[in-house]
Amino acid sequence: AQSVSQHNHHVILSEAASLELGCNYSYGGTVNLFWYVQYPGQHLQLLLKYFSGDPLVKGIKGFEAEFIKSKFSFNLRKPSVQWSDTAEYFCAASHKAAGNKLTFGGGTRVLVKP
Amino acid sequence: EAGVTQFPSHSVIEKGQTVTLRCDPISGHDNLYWYRRVMGKEIKFLLHFVKESKQDESGMPNNRFLAERTGGTYSTLKVQPAELEDSGVYFCASSQLRGGQETQYFGPGTRLLVL
């Protein structure tokens, strides 16, 4: 069965620091990868997605992620965070053979101190 | 374009009672998914509708959970009778398959607390 793991449960950093959140998945075939974010009091929003093509994906709000097939990874990065990036971040994967249902990682809570 | 909506936003019930959650997908989206996040755990898949048909209900915990999607529009998820372990946030998502690629859009969730 497919699984997704996120390396950190909690991350605390200061404004202007760089952010990298790790995500690994276990599935040997063609996989679709997503990062979702949930800001306090809001619903899950799509940050970025990878289906195929350029492994470096750019999303909203200055986020990007890199798909590294050999490492089964899809890490999320942002060069300089803002206080408004405080949120919980979820990595998710899907594949056509499983009906495209999403398998989520456990989530990473990010707190950006002003 | 309106997003995915869910009702109610919160529900507090006693063990043994019945609760019905509703999801209205984005207009025109054939795919509708239910997910659940129990506190401290990851978001987990419950089931998937394509139009009015259940495509995959492998994630449904047990037969106390019943999902329907009348006419392929909105969906309901009924828990009867509710147990303490059913507490959590229930998310609904919808999508439309385009060119083999599918992106799911989520509703705000329903927070269910069973006492």
# chains A, B, ... in the order shown; residues from 1 in each chain; ligands from 1
call {"tool": "closest_atom_pairs", "arguments": {"of": "chain B", "to": "chain A", "cutoff": "7 Å", "atoms": "only C-alpha atoms", "output": "JSON lines"}}
result
{"residue": "B:Lys41", "atom": "CA", "partner": "A:Gly106", "partner_atom": "CA", "distance": 6.3}
{"residue": "B:Glu42", "atom": "CA", "partner": "A:Gly106", "partner_atom": "CA", "distance": 4.3}
{"residue": "B:Ile43", "atom": "CA", "partner": "A:Phe104", "partner_atom": "CA", "distance": 5.9}
{"residue": "B:Lys44", "atom": "CA", "partner": "A:Thr103", "partner_atom": "CA", "distance": 6.9}
{"residue": "B:Phe45", "atom": "CA", "partner": "A:Leu102", "partner_atom": "CA", "distance": 6.9}
{"residue": "B:Phe106", "atom": "CA", "partner": "A:Leu44", "partner_atom": "CA", "distance": 5.8}
{"residue": "B:Gly107", "atom": "CA", "partner": "A:His43", "partner_atom": "CA", "distance": 6.2}
{"residue": "B:Pro108", "atom": "CA", "partner": "A:His43", "partner_atom": "CA", "distance": 4.2}
call {"tool": "select_by_dssp", "arguments": {"residues": "chain B", "states": "strand (DSSP E or B)", "output": "PyMOL selection string"}}
result
chain B and resi 5-7+10-13+19-24+31-37+43-50+53-56+65-68+75-79+88-95+98+101+105-106+110-114
call {"tool": "write_last_selection", "arguments": {"atoms": "C-alpha atoms", "output": "CSV table (one decimal), in the first residue's frame"}}
result
chain,number,residue,atom,x,y,z
B,5,THR,CA,-19.0,23.7,1.0
B,6,GLN,CA,-19.7,21.5,4.0
B,7,PHE,CA,-22.4,21.6,6.6
B,10,HIS,CA,-19.2,21.8,13.9
B,11,SER,CA,-21.3,19.1,15.5
B,12,VAL,CA,-21.3,17.9,19.1
B,13,ILE,CA,-23.3,14.9,19.8
B,19,VAL,CA,-25.2,12.7,12.8
B,20,THR,CA,-25.4,13.6,9.1
B,21,LEU,CA,-22.7,15.6,7.4
B,22,ARG,CA,-23.3,17.3,4.1
B,23,CYS,CA,-21.0,18.2,1.2
B,24,ASP,CA,-21.7,20.3,-1.8
B,31,ASN,CA,-15.6,13.2,-8.4
B,32,LEU,CA,-16.4,13.6,-4.7
B,33,TYR,CA,-14.2,12.3,-1.9
B,34,TRP,CA,-14.7,12.0,1.8
B,35,TYR,CA,-11.7,12.0,4.2
B,36,ARG,CA,-11.3,12.1,7.9
B,37,ARG,CA,-8.7,13.3,10.3
B,43,ILE,CA,-5.9,12.6,7.0
B,44,LYS,CA,-7.3,9.4,5.8
B,45,PHE,CA,-9.4,8.5,2.8
B,46,LEU,CA,-13.0,7.2,3.4
B,47,LEU,CA,-14.7,6.9,0.1
B,48,HIS,CA,-15.0,8.1,-3.5
B,49,PHE,CA,-18.0,8.8,-5.6
B,50,VAL,CA,-18.0,9.3,-9.4
B,53,SER,CA,-21.9,5.8,-7.9
B,54,LYS,CA,-19.5,4.6,-5.1
B,55,GLN,CA,-16.2,4.0,-6.8
B,56,ASP,CA,-14.2,3.1,-3.8
B,65,PHE,CA,-21.0,4.9,8.3
B,66,LEU,CA,-23.3,5.4,5.3
B,67,ALA,CA,-22.5,7.8,2.4
B,68,GLU,CA,-24.9,8.8,-0.4
B,75,SER,CA,-23.3,14.0,-0.7
B,76,THR,CA,-24.2,13.1,2.8
B,77,LEU,CA,-22.2,11.0,5.3
B,78,LYS,CA,-24.3,9.6,8.1
B,79,VAL,CA,-22.8,8.1,11.3
B,88,GLY,CA,-12.4,14.2,14.2
B,89,VAL,CA,-12.6,16.5,11.2
B,90,TYR,CA,-14.4,15.2,8.2
B,91,PHE,CA,-13.3,16.7,4.9
B,92,CYS,CA,-14.9,16.6,1.6
B,93,ALA,CA,-13.1,17.2,-1.7
B,94,SER,CA,-14.2,17.3,-5.3
B,95,SER,CA,-12.4,17.2,-8.6
B,98,ARG,CA,-8.8,16.6,-17.1
B,101,GLN,CA,-4.7,14.8,-14.3
B,105,TYR,CA,-10.3,20.9,-3.9
B,106,PHE,CA,-11.2,20.7,-0.3
B,110,THR,CA,-16.9,19.4,9.7
B,111,ARG,CA,-15.5,19.1,13.2
B,112,LEU,CA,-17.4,16.2,14.9
B,113,LEU,CA,-17.1,15.7,18.6
B,114,VAL,CA,-18.8,12.6,20.1
call {"tool": "residues_around", "arguments": {"residues": "Leu13 of chain A", "least_positions_apart": "5", "cutoff": "7 Å", "atoms": "only C-alpha atoms", "output": "MDAnalysis selection string"}}
result
chainID A and resid 111:113
call {"tool": "select_by_dssp", "arguments": {"residues": "chain A", "states": "helix (DSSP H, G or I)", "output": "JSON, numbers by chain"}}
result
{"A": [60, 61, 62, 69, 70, 71, 83, 84, 85, 96, 97, 98]}
call {"tool": "write_last_selection", "arguments": {"atoms": "C-alpha atoms", "output": "PDB file, in the first residue's frame"}}
result
ATOM      1  CA  ILE A  60       1.655  29.913  -4.947  1.00  0.00           C
ATOM      2  CA  LYS A  61       3.097  32.309  -2.372  1.00  0.00           C
ATOM      3  CA  GLY A  62       6.699  31.683  -3.367  1.00  0.00           C
ATOM      4  CA  LYS A  69      12.314  10.065  -8.306  1.00  0.00           C
ATOM      5  CA  SER A  70      15.444   8.201  -7.192  1.00  0.00           C
ATOM      6  CA  LYS A  71      14.860   9.313  -3.623  1.00  0.00           C
ATOM      7  CA  TRP A  83       4.783  35.341   9.588  1.00  0.00           C
ATOM      8  CA  SER A  84       1.766  34.658   7.358  1.00  0.00           C
ATOM      9  CA  ASP A  85       3.286  31.281   6.396  1.00  0.00           C
ATOM     10  CA  LYS A  96      -4.318   6.240 -11.131  1.00  0.00           C
ATOM     11  CA  ALA A  97      -4.304   2.551 -10.195  1.00  0.00           C
ATOM     12  CA  ALA A  98      -5.722   3.447  -6.794  1.00  0.00           C
TER      13      ALA A  98
END
call {"tool": "closest_residue", "arguments": {"among": "B:Met39, B:Leu115, B:Leu97, B:Ala82", "to": "Thr18 of chain B", "atoms": "only C-alpha atoms"}}
result
B:Ala82
